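Asks: Provided below: input.txt, containing compact mmCIF, C-alpha atoms.
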```
# COMPACT_ATOMS: atom_id res chain seq x y z
CA MET A 25 -2.95 -15.21 -7.60
CA ILE A 26 -1.57 -11.83 -8.68
CA PHE A 27 2.17 -11.75 -7.97
CA VAL A 28 3.92 -8.38 -7.88
CA GLY A 29 7.69 -8.81 -8.14
CA GLU A 30 9.45 -6.75 -5.46
CA ARG A 31 13.07 -6.97 -6.57
CA ILE A 32 13.53 -3.75 -8.57
CA ASN A 33 13.92 -1.64 -5.45
CA THR A 34 16.86 0.62 -4.54
CA GLY A 35 16.72 -0.98 -1.10
CA PHE A 36 18.78 -3.71 -2.81
CA LYS A 37 22.44 -2.75 -3.31
CA ASP A 38 22.67 -3.80 -6.95
CA ILE A 39 19.59 -1.80 -7.96
CA LYS A 40 20.71 1.24 -5.96
CA GLN A 41 24.10 1.22 -7.66
CA ALA A 42 22.51 0.70 -11.08
CA VAL A 43 20.21 3.70 -10.62
CA MET A 44 23.08 5.90 -9.50
CA ASP A 45 25.26 4.81 -12.41
CA LYS A 46 22.34 4.68 -14.86
CA ASP A 47 23.33 1.09 -15.66
CA PRO A 48 20.28 -0.67 -17.16
CA LYS A 49 21.56 -4.25 -16.90
CA PRO A 50 20.65 -5.16 -13.29
CA LEU A 51 17.14 -3.74 -13.69
CA GLN A 52 16.56 -5.54 -16.97
CA ASP A 53 17.96 -8.84 -15.65
CA TRP A 54 15.60 -8.74 -12.69
CA ALA A 55 12.73 -7.64 -14.91
CA ARG A 56 13.22 -10.72 -17.09
CA LYS A 57 13.78 -13.14 -14.22
CA GLN A 58 10.71 -11.99 -12.32
CA THR A 59 8.57 -12.04 -15.46
CA GLU A 60 9.63 -15.61 -16.22
CA ALA A 61 8.85 -16.55 -12.62
CA GLY A 62 5.26 -15.42 -13.20
CA ALA A 63 5.08 -11.84 -11.97
CA ALA A 64 1.92 -10.08 -13.18
CA TYR A 65 3.38 -6.69 -12.22
CA LEU A 66 6.92 -5.49 -11.60
CA ASP A 67 7.21 -3.12 -8.66
CA VAL A 68 9.63 -0.28 -9.42
CA ASN A 69 10.86 1.59 -6.35
CA LEU A 70 13.21 4.55 -6.54
CA GLY A 71 13.32 4.80 -2.75
CA ALA A 72 15.41 7.46 -1.09
CA VAL A 73 18.07 7.50 -3.81
CA SER A 74 16.43 10.42 -5.55
CA SER A 75 13.31 12.59 -5.49
CA LYS A 76 13.50 13.41 -9.18
CA PRO A 77 10.66 12.13 -11.37
CA GLU A 78 13.09 11.63 -14.27
CA ASP A 79 14.94 9.01 -12.27
CA MET A 80 11.77 7.01 -11.70
CA CYS A 81 10.94 7.43 -15.38
CA TRP A 82 14.40 6.12 -16.29
CA MET A 83 13.83 3.02 -14.15
CA ILE A 84 10.45 2.35 -15.75
CA GLU A 85 11.63 2.93 -19.30
CA THR A 86 14.64 0.68 -18.69
CA VAL A 87 12.37 -2.12 -17.49
CA GLN A 88 9.97 -1.63 -20.41
CA ASP A 89 12.86 -1.95 -22.86
CA ALA A 90 13.32 -5.51 -21.63
CA VAL A 91 9.80 -6.82 -20.90
CA ASP A 92 6.12 -6.07 -21.53
CA THR A 93 5.13 -6.86 -17.94
CA PRO A 94 2.91 -4.15 -16.42
CA ILE A 95 4.55 -1.79 -13.96
CA SER A 96 3.69 -1.16 -10.32
CA ILE A 97 4.83 2.40 -9.61
CA ASP A 98 6.06 2.36 -6.03
CA THR A 99 5.70 5.93 -4.82
CA ASN A 100 3.45 7.97 -2.57
CA LYS A 101 4.61 11.28 -4.04
CA PRO A 102 2.10 12.77 -6.50
CA GLY A 103 4.85 14.72 -8.27
CA ILE A 104 6.71 11.52 -9.14
CA LEU A 105 3.52 9.60 -9.93
CA LYS A 106 2.26 12.20 -12.39
CA GLU A 107 5.39 11.94 -14.54
CA ALA A 108 6.04 8.23 -14.08
CA ILE A 109 2.54 7.13 -15.06
CA LYS A 110 2.93 8.93 -18.41
CA VAL A 111 5.83 6.71 -19.50
CA CYS A 112 4.11 3.43 -18.62
CA LYS A 113 3.04 1.44 -21.65
CA GLY A 114 0.57 -1.13 -20.28
CA LYS A 115 -1.80 -1.40 -17.32
CA VAL A 116 -0.41 0.42 -14.28
CA LEU A 117 -0.64 -0.40 -10.59
CA VAL A 118 -0.14 2.64 -8.37
CA ASN A 119 1.56 1.61 -5.14
CA SER A 120 0.16 3.36 -3.06
CA THR A 121 -2.08 5.82 -1.26
CA THR A 122 -3.22 5.87 2.35
CA ALA A 123 -6.78 6.48 3.48
CA ALA A 124 -5.99 10.05 4.52
CA PRO A 125 -8.42 12.27 2.56
CA GLU A 126 -5.74 14.79 1.63
CA LYS A 127 -3.63 11.98 0.19
CA MET A 128 -6.48 10.30 -1.71
CA ASP A 129 -7.62 13.64 -3.13
CA VAL A 130 -4.27 14.05 -4.84
CA MET A 131 -3.38 10.46 -5.81
CA LEU A 132 -6.72 9.01 -6.89
CA PRO A 133 -7.53 11.54 -9.62
CA ILE A 134 -4.27 10.54 -11.32
CA VAL A 135 -5.25 6.88 -10.97
CA ALA A 136 -8.73 7.51 -12.37
CA GLU A 137 -7.46 9.63 -15.25
CA HIS A 138 -5.17 6.85 -16.48
CA GLY A 139 -7.54 3.94 -15.84
CA ALA A 140 -4.95 2.47 -13.50
CA SER A 141 -5.28 0.15 -10.53
CA PHE A 142 -4.11 1.28 -7.14
CA ILE A 143 -3.15 -0.06 -3.74
CA GLY A 144 -4.94 1.56 -0.80
CA LEU A 145 -3.20 1.21 2.55
CA ALA A 146 -5.25 0.66 5.70
CA MET A 147 -3.71 3.65 7.43
CA ASP A 148 -4.57 7.31 7.76
CA ALA A 149 -2.74 10.45 8.77
CA SER A 150 -2.43 9.23 12.35
CA GLY A 151 -0.09 6.42 11.37
CA THR A 152 -0.12 2.62 11.37
CA PRO A 153 -3.37 1.06 12.55
CA LYS A 154 -3.48 -0.91 15.78
CA SER A 155 -6.59 -3.03 15.37
CA ALA A 156 -8.69 -4.87 12.83
CA ASP A 157 -11.47 -2.29 13.24
CA GLN A 158 -9.15 0.61 12.43
CA ARG A 159 -7.97 -1.19 9.30
CA VAL A 160 -11.52 -1.91 8.22
CA GLU A 161 -12.54 1.70 8.84
CA ASN A 162 -9.64 3.06 6.81
CA CYS A 163 -10.15 0.72 3.89
CA GLY A 164 -13.87 1.39 4.00
CA MET A 165 -13.07 5.03 3.33
CA ILE A 166 -10.81 4.05 0.45
CA VAL A 167 -13.52 1.90 -1.16
CA ALA A 168 -16.09 4.68 -0.72
CA LYS A 169 -13.74 7.19 -2.33
CA ALA A 170 -12.99 4.83 -5.21
CA MET A 171 -16.71 4.33 -5.86
CA GLU A 172 -17.21 8.11 -5.76
CA MET A 173 -14.56 8.50 -8.43
CA ASP A 174 -15.97 5.64 -10.56
CA ILE A 175 -12.89 3.50 -10.07
CA ALA A 176 -13.98 -0.11 -10.62
CA MET A 177 -13.46 -2.59 -7.78
CA GLU A 178 -11.25 -4.71 -10.05
CA ASN A 179 -8.82 -1.77 -9.98
CA VAL A 180 -8.83 -1.49 -6.18
CA PHE A 181 -6.23 -3.37 -4.11
CA LEU A 182 -6.63 -3.02 -0.33
CA ASP A 183 -3.56 -3.56 1.83
CA PRO A 184 -4.15 -4.34 5.52
CA ILE A 185 -0.51 -3.38 6.27
CA ALA A 186 1.42 -6.50 7.16
CA MET A 187 3.47 -6.10 10.32
CA PRO A 188 6.68 -7.85 11.39
CA LEU A 189 5.85 -11.05 13.26
CA LYS A 190 8.88 -10.60 15.50
CA PHE A 191 7.86 -7.20 16.79
CA MET A 192 4.07 -7.25 16.50
CA GLN A 193 3.03 -10.81 17.01
CA GLU A 194 -0.27 -9.91 18.66
CA GLN A 195 -1.40 -8.01 15.57
CA GLN A 196 -1.08 -10.86 13.10
CA LYS A 197 -4.54 -12.31 13.76
CA ASP A 198 -6.07 -8.84 13.52
CA ILE A 199 -4.50 -8.37 10.12
CA LEU A 200 -6.01 -11.62 8.86
CA ASP A 201 -9.33 -10.65 10.42
CA ALA A 202 -9.25 -7.34 8.57
CA VAL A 203 -8.53 -9.17 5.30
CA ARG A 204 -11.65 -11.27 5.78
CA GLN A 205 -13.75 -8.20 6.44
CA PHE A 206 -12.40 -6.30 3.42
CA LYS A 207 -14.03 -8.93 1.21
CA LEU A 208 -17.43 -7.85 2.44
CA PHE A 209 -17.11 -4.26 1.19
CA SER A 210 -18.59 -4.90 -2.20
CA ASP A 211 -19.72 -7.52 -4.67
CA PRO A 212 -17.54 -8.17 -6.58
CA PRO A 213 -15.04 -7.49 -3.83
CA PRO A 214 -11.85 -5.46 -4.23
CA HIS A 215 -8.51 -7.23 -4.49
CA ILE A 216 -6.55 -7.72 -1.29
CA ILE A 217 -2.78 -7.42 -1.30
CA CYS A 218 0.06 -7.10 1.15
CA GLY A 219 3.78 -6.40 1.18
CA LEU A 220 4.71 -9.88 2.32
CA SER A 221 8.41 -9.49 3.08
CA ASN A 222 7.64 -7.18 5.99
CA VAL A 223 6.20 -10.09 7.95
CA ALA A 224 9.52 -11.89 8.36
CA ASN A 225 11.55 -8.74 9.00
CA GLY A 226 14.36 -9.40 11.43
CA THR A 227 13.67 -13.13 11.74
CA LYS A 228 15.85 -16.17 11.16
CA HIS A 229 13.36 -18.30 9.20
CA LYS A 230 12.29 -15.66 6.70
CA ALA A 231 11.06 -17.88 3.88
CA LEU A 232 9.06 -20.13 6.21
CA ILE A 233 7.36 -17.26 8.00
CA ASN A 234 6.50 -15.34 4.85
CA ARG A 235 5.21 -18.47 3.15
CA THR A 236 3.00 -19.46 6.09
CA PHE A 237 1.55 -15.98 6.45
CA LEU A 238 0.74 -15.83 2.74
CA VAL A 239 -1.08 -19.16 2.85
CA MET A 240 -3.11 -17.96 5.84
CA GLY A 241 -3.79 -14.69 4.05
CA ILE A 242 -5.09 -16.57 1.02
CA ALA A 243 -7.36 -18.62 3.26
CA ASN A 244 -8.85 -15.35 4.48
CA GLY A 245 -9.29 -13.94 0.99
CA MET A 246 -5.99 -12.40 -0.11
CA ASP A 247 -5.56 -12.67 -3.89
CA ALA A 248 -2.49 -10.52 -4.60
CA VAL A 249 0.94 -10.15 -3.03
CA ILE A 250 4.11 -8.09 -3.37
CA CYS A 251 6.84 -10.62 -2.74
CA ASP A 252 9.98 -12.42 -3.80
CA VAL A 253 8.46 -14.08 -6.84
CA MET A 254 11.72 -16.00 -7.39
CA ASP A 255 11.00 -18.09 -4.29
CA ASP A 256 9.57 -21.27 -5.82
CA GLU A 257 8.40 -22.66 -2.49
CA LEU A 258 6.53 -19.44 -1.81
CA VAL A 259 4.81 -19.42 -5.19
CA ASN A 260 3.97 -23.13 -4.95
CA ALA A 261 2.52 -22.68 -1.47
CA ALA A 262 0.41 -19.76 -2.67
CA ARG A 263 -0.90 -21.73 -5.65
CA THR A 264 -1.64 -24.73 -3.44
CA ALA A 265 -3.60 -22.49 -1.08
CA GLU A 266 -5.57 -21.23 -4.07
CA LEU A 267 -6.42 -24.80 -5.04
CA VAL A 268 -7.65 -25.48 -1.52
CA MET A 269 -9.84 -22.37 -1.80
CA ASN A 270 -11.11 -23.67 -5.16
CA ARG A 271 -9.91 -20.56 -6.95
CA GLU A 272 -7.97 -22.49 -9.56
CA ILE A 273 -8.48 -25.86 -11.24
CA TYR A 274 -6.19 -28.60 -10.00
CA ALA A 275 -3.83 -30.49 -12.33
CA ASP A 276 -1.15 -32.97 -11.26
CA SER A 277 1.72 -30.86 -12.58
CA TYR A 278 0.50 -27.54 -11.18
CA ALA A 279 3.57 -26.87 -9.04
CA ARG A 280 6.97 -25.66 -10.26
CA MET B 1 -8.99 -26.73 -47.03
CA PRO B 2 -7.67 -27.40 -43.53
CA LEU B 3 -7.66 -31.05 -42.50
CA ILE B 4 -8.37 -32.67 -39.15
CA ILE B 5 -6.49 -35.98 -38.91
CA TRP B 6 -7.91 -38.01 -36.06
CA GLY B 7 -6.46 -41.34 -34.94
CA CYS B 8 -8.50 -44.33 -33.80
CA GLY B 9 -7.82 -43.88 -30.11
CA ASP B 10 -5.78 -47.07 -29.76
CA GLU B 11 -2.48 -45.84 -28.42
CA GLU B 12 -0.27 -48.42 -30.11
CA ARG B 13 -1.92 -47.99 -33.50
CA ASP B 14 -1.97 -44.22 -33.31
CA ASN B 15 1.70 -44.10 -32.40
CA GLU B 16 2.42 -45.99 -35.62
CA VAL B 17 -0.05 -44.29 -37.93
CA LEU B 18 -0.17 -40.66 -36.83
CA PRO B 19 3.54 -39.92 -37.33
CA GLU B 20 3.22 -41.24 -40.89
CA CYS B 21 0.15 -39.09 -41.54
CA SER B 22 1.86 -36.10 -39.99
CA GLN B 23 4.90 -36.51 -42.22
CA ALA B 24 2.77 -37.02 -45.34
CA ALA B 25 0.99 -33.75 -44.58
CA LYS B 26 4.15 -31.95 -43.49
CA GLY B 27 3.80 -28.19 -43.53
CA GLU B 28 0.06 -28.27 -44.26
CA ASN B 29 -0.91 -27.03 -40.79
CA CYS B 30 -3.36 -29.83 -40.06
CA LEU B 31 -5.07 -30.46 -36.74
CA ILE B 32 -3.94 -33.85 -35.42
CA GLY B 33 -5.75 -35.80 -32.73
CA ALA B 34 -5.37 -36.71 -30.11
CA ALA B 35 -2.71 -36.08 -27.46
CA THR B 36 -3.37 -37.79 -24.14
CA GLU B 37 -1.41 -38.16 -20.93
CA LYS B 38 0.12 -41.34 -22.38
CA ASN B 39 1.24 -40.19 -25.83
CA TYR B 40 1.63 -36.41 -25.57
CA ARG B 41 5.39 -36.60 -26.14
CA THR B 42 4.99 -38.39 -29.47
CA LEU B 43 2.23 -36.07 -30.65
CA GLY B 44 4.09 -33.00 -29.41
CA ALA B 45 7.18 -34.11 -31.33
CA ILE B 46 5.37 -34.69 -34.64
CA GLY B 47 3.36 -31.49 -34.25
CA THR B 48 6.55 -29.52 -33.86
CA ALA B 49 8.52 -31.39 -36.53
CA ASP B 50 5.84 -31.28 -39.22
CA LYS B 51 4.25 -27.99 -38.18
CA HIS B 52 0.76 -29.15 -37.21
CA LYS B 53 -1.64 -28.24 -34.44
CA LEU B 54 -2.82 -30.76 -31.86
CA ILE B 55 -6.07 -31.86 -30.30
CA ALA B 56 -5.51 -32.55 -26.60
CA GLU B 57 -8.08 -35.02 -25.32
CA ALA B 58 -9.29 -35.77 -21.79
CA PRO B 59 -12.06 -38.20 -20.78
CA VAL B 60 -14.63 -35.69 -19.49
CA ASP B 61 -12.19 -34.72 -16.76
CA ILE B 62 -11.27 -31.10 -16.18
CA ASN B 63 -8.17 -31.85 -14.11
CA ILE B 64 -6.73 -34.25 -16.68
CA ALA B 65 -7.49 -31.70 -19.40
CA LYS B 66 -5.47 -29.07 -17.57
CA GLN B 67 -2.72 -31.60 -16.86
CA ILE B 68 -2.30 -32.51 -20.54
CA ASN B 69 -2.00 -28.84 -21.45
CA ILE B 70 0.68 -28.35 -18.78
CA LEU B 71 2.53 -31.47 -19.97
CA LEU B 72 2.45 -30.34 -23.60
CA GLN B 73 3.68 -26.91 -22.68
CA ASP B 74 6.46 -28.30 -20.47
CA ALA B 75 7.49 -30.54 -23.39
CA GLY B 76 7.97 -27.41 -25.49
CA PHE B 77 4.73 -27.41 -27.48
CA SER B 78 2.98 -24.02 -27.64
CA LEU B 79 -0.54 -23.88 -26.25
CA GLU B 80 -1.36 -21.52 -29.09
CA ASP B 81 -1.31 -24.65 -31.26
CA VAL B 82 -3.62 -26.76 -29.08
CA VAL B 83 -7.37 -27.40 -29.30
CA MET B 84 -9.04 -29.07 -26.32
CA CYS B 85 -11.43 -32.02 -26.56
CA GLN B 86 -13.30 -33.60 -23.67
CA SER B 87 -14.46 -36.54 -25.77
CA THR B 88 -17.94 -36.00 -27.17
CA ALA B 89 -21.33 -37.51 -26.39
CA ALA B 90 -24.41 -37.54 -28.57
CA LEU B 91 -27.60 -36.12 -27.18
CA GLY B 92 -29.05 -38.77 -24.85
CA TYR B 93 -25.76 -40.60 -24.41
CA GLY B 94 -23.97 -38.52 -21.79
CA PHE B 95 -24.41 -35.17 -23.51
CA ASP B 96 -24.96 -33.30 -20.24
CA TYR B 97 -21.66 -34.45 -18.74
CA VAL B 98 -19.68 -33.24 -21.71
CA TYR B 99 -21.74 -30.03 -21.93
CA THR B 100 -20.97 -29.22 -18.29
CA ILE B 101 -17.27 -29.81 -18.76
CA PHE B 102 -17.22 -27.58 -21.88
CA GLU B 103 -18.80 -24.82 -19.82
CA ARG B 104 -16.41 -25.25 -16.92
CA VAL B 105 -13.40 -25.09 -19.22
CA ARG B 106 -14.74 -21.99 -20.95
CA ILE B 107 -15.56 -20.22 -17.67
CA ALA B 108 -12.14 -21.05 -16.18
CA GLY B 109 -10.52 -19.63 -19.29
CA LEU B 110 -12.59 -16.46 -19.13
CA LYS B 111 -11.71 -16.08 -15.44
CA GLY B 112 -8.03 -15.97 -16.29
CA ASP B 113 -6.72 -19.55 -16.25
CA LYS B 114 -4.36 -19.47 -19.22
CA MET B 115 -4.23 -23.27 -19.34
CA MET B 116 -7.96 -23.39 -20.06
CA ALA B 117 -8.27 -20.47 -22.46
CA LEU B 118 -7.97 -22.65 -25.55
CA PRO B 119 -10.43 -23.42 -28.37
CA GLN B 120 -12.57 -26.53 -27.90
CA ILE B 121 -13.70 -29.11 -30.43
CA ALA B 122 -16.81 -31.29 -30.30
CA ASN B 123 -16.66 -34.38 -32.51
CA VAL B 124 -20.41 -34.42 -33.06
CA GLY B 125 -20.56 -36.20 -36.42
CA TRP B 126 -18.48 -39.11 -35.18
CA GLU B 127 -20.69 -39.75 -32.15
CA VAL B 128 -24.19 -39.06 -33.43
CA TRP B 129 -24.19 -41.39 -36.43
CA LYS B 130 -23.48 -44.40 -34.20
CA ILE B 131 -26.69 -44.16 -32.20
CA LYS B 132 -29.99 -45.82 -33.02
CA GLU B 133 -31.88 -42.54 -33.06
CA ALA B 134 -29.83 -41.44 -36.05
CA ILE B 135 -29.71 -44.68 -38.04
CA ALA B 136 -32.75 -46.88 -37.28
CA ASP B 137 -35.85 -46.18 -39.33
CA GLU B 138 -39.48 -46.26 -38.25
CA ASP B 139 -39.84 -49.97 -38.89
CA VAL B 140 -37.41 -50.53 -36.03
CA LEU B 141 -38.47 -47.52 -33.95
CA PRO B 142 -42.17 -46.96 -34.63
CA GLY B 143 -43.51 -43.51 -33.81
CA TRP B 144 -40.06 -41.94 -33.79
CA GLY B 145 -40.57 -40.07 -37.04
CA ALA B 146 -38.99 -40.42 -40.46
CA LEU B 147 -35.30 -41.22 -40.41
CA GLU B 148 -34.30 -38.69 -43.14
CA LYS B 149 -35.31 -35.90 -40.77
CA ARG B 150 -34.52 -37.54 -37.46
CA GLY B 151 -30.84 -38.20 -38.16
CA PRO B 152 -29.81 -34.69 -39.16
CA ASN B 153 -32.08 -33.18 -36.49
CA TRP B 154 -30.34 -35.25 -33.83
CA GLU B 155 -26.95 -34.13 -35.10
CA ALA B 156 -28.01 -30.47 -35.29
CA ALA B 157 -29.52 -30.56 -31.80
CA THR B 158 -26.35 -32.07 -30.36
CA ALA B 159 -24.26 -29.46 -32.18
CA ALA B 160 -26.50 -26.63 -30.97
CA GLY B 161 -25.99 -27.68 -27.38
CA TYR B 162 -22.19 -27.78 -27.65
CA LEU B 163 -22.21 -24.46 -29.47
CA GLN B 164 -23.96 -22.88 -26.49
CA ALA B 165 -21.51 -24.52 -24.09
CA GLY B 166 -18.55 -22.96 -25.85
CA ALA B 167 -17.43 -25.26 -28.66
CA ASP B 168 -15.32 -23.51 -31.27
CA ILE B 169 -15.05 -26.37 -33.76
CA LEU B 170 -17.82 -28.85 -34.57
CA THR B 171 -17.43 -31.89 -36.78
CA LEU B 172 -20.68 -32.59 -38.62
CA ALA B 173 -21.57 -35.22 -41.23
CA HIS B 174 -24.96 -34.42 -42.74
CA PRO B 175 -25.31 -31.42 -45.12
CA GLU B 176 -28.69 -30.55 -43.58
CA SER B 177 -27.29 -30.34 -40.02
CA ILE B 178 -24.41 -28.26 -41.35
CA ARG B 179 -26.89 -25.88 -42.98
CA VAL B 180 -29.04 -25.58 -39.86
CA THR B 181 -26.01 -25.13 -37.59
CA ARG B 182 -24.54 -22.42 -39.84
CA ASP B 183 -27.86 -20.64 -39.79
CA MET B 184 -27.94 -20.84 -35.99
CA ILE B 185 -24.42 -19.41 -35.74
CA ASN B 186 -25.30 -16.53 -38.06
CA ARG B 187 -28.32 -15.69 -35.96
CA MET B 188 -26.31 -15.87 -32.73
CA MET B 189 -23.67 -13.56 -34.16
CA SER B 190 -26.00 -11.01 -35.73
```
Before we go any further, please render this structure as C-alpha cells.
Replies:
Amino acid sequence: MIFVGERINTGFKDIKQAVMDKDPKPLQDWARKQTEAGAAYLDVNLGAVSSKPEDMCWMIETVQDAVDTPISIDTNKPGILKEAIKVCKGKVLVNSTTAAPEKMDVMLPIVAEHGASFIGLAMDASGTPKSADQRVENCGMIVAKAMEMDIAMENVFLDPIAMPLKFMQEQQKDILDAVRQFKLFSDPPPHIICGLSNVANGTKHKALINRTFLVMGIANGMDAVICDVMDDELVNAARTAELVMNREIYADSYAR
Amino acid sequence: MPLIIWGCGDEERDNEVLPECSQAAKGENCLIGAATEKNYRTLGAIGTADKHKLIAEAPVDINIAKQINILLQDAGFSLEDVVMCQSTAALGYGFDYVYTIFERVRIAGLKGDKMMALPQIANVGWEVWKIKEAIADEDVLPGWGALEKRGPNWEAATAAGYLQAGADILTLAHPESIRVTRDMINRMMS
C-alpha cells in the first residue's frame, strides 16, 4: 500500500502559521512523524496562503532538510509546479491534474520531463463527475494521454474523486465501481489513489468511516491513499485488507 | 576469511554454545545461525553485542520467515545484518519445496516487500553429504555410477537449482562441486 501523508497542508492551523512565519519546526516535525509512520510520499500543500512559487519551494526544501521521503507536490497551478519540481531531490508525485485537455497539456509535459509520477483526477472542465461511467471516461482520457506522452503506467495514479458520505451517499458505490473499472485500462494497470479524508467530511465517526471506505476501496483495487498516516487503526486496516487480497505476505506480527 | 558459525539446531544447546562462540569471535563480523521464533532474542542480543550478522531460519514456511524478520527488527536488530534460510533439502529429498519457497521470497522482495528483500543462504553441503546418493558406492547401489563423480555431481546439481531460485550464499563441501558451481556462476554473470 502506498501511503501519502496528508498533514503538511496549510489547511491545518499549525502549518498555516508556520508558512506565514517561515518557521520550519512544525513542517519538519510532521515530516519526521509521518515518515516514521510509513508514509511513502509526503504531500506538501501551500493552499490559499500564497500563490508564490517560492513559498511552495520553501515548504519543500524545509521538509527535505529533515527527511529523504519523496514529495507529493499538491498544486494544480503549472506556474507553481514548474518551480517546485526543480527543488525536489527524489522521486516526485504531482498532485494533480484533471482530465481536461487544456490542463493535461500544461501539467503532463512537466511530469514527463522530470520522470515524475502524477495523480489524474476523474473530472474534466465541467466539474465533479456524477456517475461511474463519467469517471471511467475521464480517467480513460488521462491514461490515453499518459501513453501518448510515454509516461509509464507505474507513474500514473488515477483518483476517482472520493465524495463525502454524508452529502453524497448514493455516489459511494459508483466510486468503488469506477475503481474496479480503472484496473482494466492497461496491463500492468495504473495505480489507484484517493483523498480519503474527504469521505468522512462533516461526520461524527470520521475514523470509522474513512477506515471502512479504504478497506472497500482496496477490495476493489485501490493501492494508494492520501490520508492521516498517523492513524494506526487506519493503516492496520489497510494492511489487513491487502493481506486478504493476497497483495502482501502474512506474518503474525504484521500489524502495528 | 569470513566465518559462518552454525549451531546444531537444538535450542537448549545452541543457547549455551552460540553466545560463547560469538564472544570468542567478537568483532570478526561472522554469520551466526540460526535465529528462530524461539531464540531470536538471544541471537539478536549476541549479534548486536559482538557485532555479527545472523541467519534467520524458518522451516520452509514463508509466513514464519517474514515473522522472524519482523521480530528481529522489533527487537532492535537491523535487517541489513540478516540472511534468510528456509532450511535446505538435497535434490530428491524435498528440494522442490525449498526451491519454491526461495523463489517466493525472492519475488516478494523484488515486488517491494522490505521484509523479504534479504540475501538467502542454502546449506547445500550439510544436506547433500548425508544422503545415500552421495555416500554409497556402486557395491551398495549398482548401476548408479562411480561414487567419486556421483557425490560432487549431486552437490553441484542441488547448488545449481538453488542458485537459479535466488540463493546468494551456498555452502559446499567438495572442491569439484565448488569448481563447477563457480564456473556456472561466471557463465550466468557474463
Asks: Counting all atoms listed in the file, a student should be able to say which residues of chain B come within 12 Å of chain A; what is the right answer, written as a ChimeraX atom specification?
Replies: /B:37,61-74,104-105,107-109,111-116
Asks: So which one's closest to B:Cys30, B:Phe102, B:Tyr93, B:Tyr162, B:Trp6? Using only C-alpha atoms, please.
Replies: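 So, comparing all the options, the nearest one is B:Trp6.
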Asks: Counting all atoms listed in the file, which residue out of B:Ala165, B:Ala35, B:Leu147, B:Cys21 sits closest to B:Ala58?
Replies: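 Among B:Ala165, B:Ala35, B:Leu147, B:Cys21, it is B:Ala35 that comes nearest to B:Ala58.
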Asks: Would you list the contacts of A:Lys76 as a list in words, taking every protein, DNA or RNA residue within 12 Å and counting all atoms listed in the file, but skipping same-chain residues closer than 3 positions in sequence?
Replies: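 Residues meeting the cut-off are Val43, Leu70, Gly71, Ala72, Val73, Asp79, Met80, Cys81, Trp82, Met83, Thr99, Lys101, Pro102, Gly103, Ile104, Leu105, Lys106, Glu107 and Ala108 of chain A.
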Asks: Give as a list in words each residue that has an atom at most 8 Å from (-12.7, -25.9, -38.1) in the file, counting only C-alpha atoms.
Replies: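 In the file's frame, the residues around the point are Pro2, Asp168, Ile169, Leu170 and Thr171 of chain B.
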Asks: Would you mind listing what lies within 12 Å of A:Asp255 as a list of chain:residue names, with all atoms listed in the file counted and same-chain residues fewer than 2 positions away left out?
Replies: A:Phe27, A:Gly29, A:Glu30, A:Arg31, A:Lys57, A:Gln58, A:Ala61, A:Gly62, A:Ala63, A:Ser221, A:Lys230, A:Ala231, A:Leu232, A:Asn234, A:Arg235, A:Cys251, A:Asp252, A:Val253, A:Glu257, A:Leu258, A:Val259, A:Asn260, A:Ala261, A:Ala262, A:Arg280
Asks: Store the residues picked out above, limited to C-alpha atoms, as an mmCIF file, keeping the file's coordinate frame.
Replies:
```cif
data_model
loop_
_atom_site.group_PDB
_atom_site.id
_atom_site.type_symbol
_atom_site.label_atom_id
_atom_site.label_comp_id
_atom_site.auth_asym_id
_atom_site.auth_seq_id
_atom_site.Cartn_x
_atom_site.Cartn_y
_atom_site.Cartn_z
ATOM 1 C CA PHE A 27 2.170 -11.750 -7.970
ATOM 2 C CA GLY A 29 7.690 -8.810 -8.140
ATOM 3 C CA GLU A 30 9.450 -6.750 -5.460
ATOM 4 C CA ARG A 31 13.070 -6.970 -6.570
ATOM 5 C CA LYS A 57 13.780 -13.140 -14.220
ATOM 6 C CA GLN A 58 10.710 -11.990 -12.320
ATOM 7 C CA ALA A 61 8.850 -16.550 -12.620
ATOM 8 C CA GLY A 62 5.260 -15.420 -13.200
ATOM 9 C CA ALA A 63 5.080 -11.840 -11.970
ATOM 10 C CA SER A 221 8.410 -9.490 3.080
ATOM 11 C CA LYS A 230 12.290 -15.660 6.700
ATOM 12 C CA ALA A 231 11.060 -17.880 3.880
ATOM 13 C CA LEU A 232 9.060 -20.130 6.210
ATOM 14 C CA ASN A 234 6.500 -15.340 4.850
ATOM 15 C CA ARG A 235 5.210 -18.470 3.150
ATOM 16 C CA CYS A 251 6.840 -10.620 -2.740
ATOM 17 C CA ASP A 252 9.980 -12.420 -3.800
ATOM 18 C CA VAL A 253 8.460 -14.080 -6.840
ATOM 19 C CA GLU A 257 8.400 -22.660 -2.490
ATOM 20 C CA LEU A 258 6.530 -19.440 -1.810
ATOM 21 C CA VAL A 259 4.810 -19.420 -5.190
ATOM 22 C CA ASN A 260 3.970 -23.130 -4.950
ATOM 23 C CA ALA A 261 2.520 -22.680 -1.470
ATOM 24 C CA ALA A 262 0.410 -19.760 -2.670
ATOM 25 C CA ARG A 280 6.970 -25.660 -10.260
#
```
Asks: When you draw a straight line from atom CA of B:Ala25 to atom CA of B:Leu3, how long is it in Å?
Replies: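 We find that atom CA of B:Ala25 and atom CA of B:Leu3 lie 9.3 Å from each other.
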Asks: Mind giving me the straight-line distance from atom CA of B:Leu110 to atom CA of B:Glu80 in Å, one decimal?
Replies: 15.8 Å
Asks: How many Å separate atom CA of B:Val180 from atom CA of B:Asp137?
Replies: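 Value for the atom CA of B:Val180-atom CA of B:Asp137 distance: 21.7 Å.
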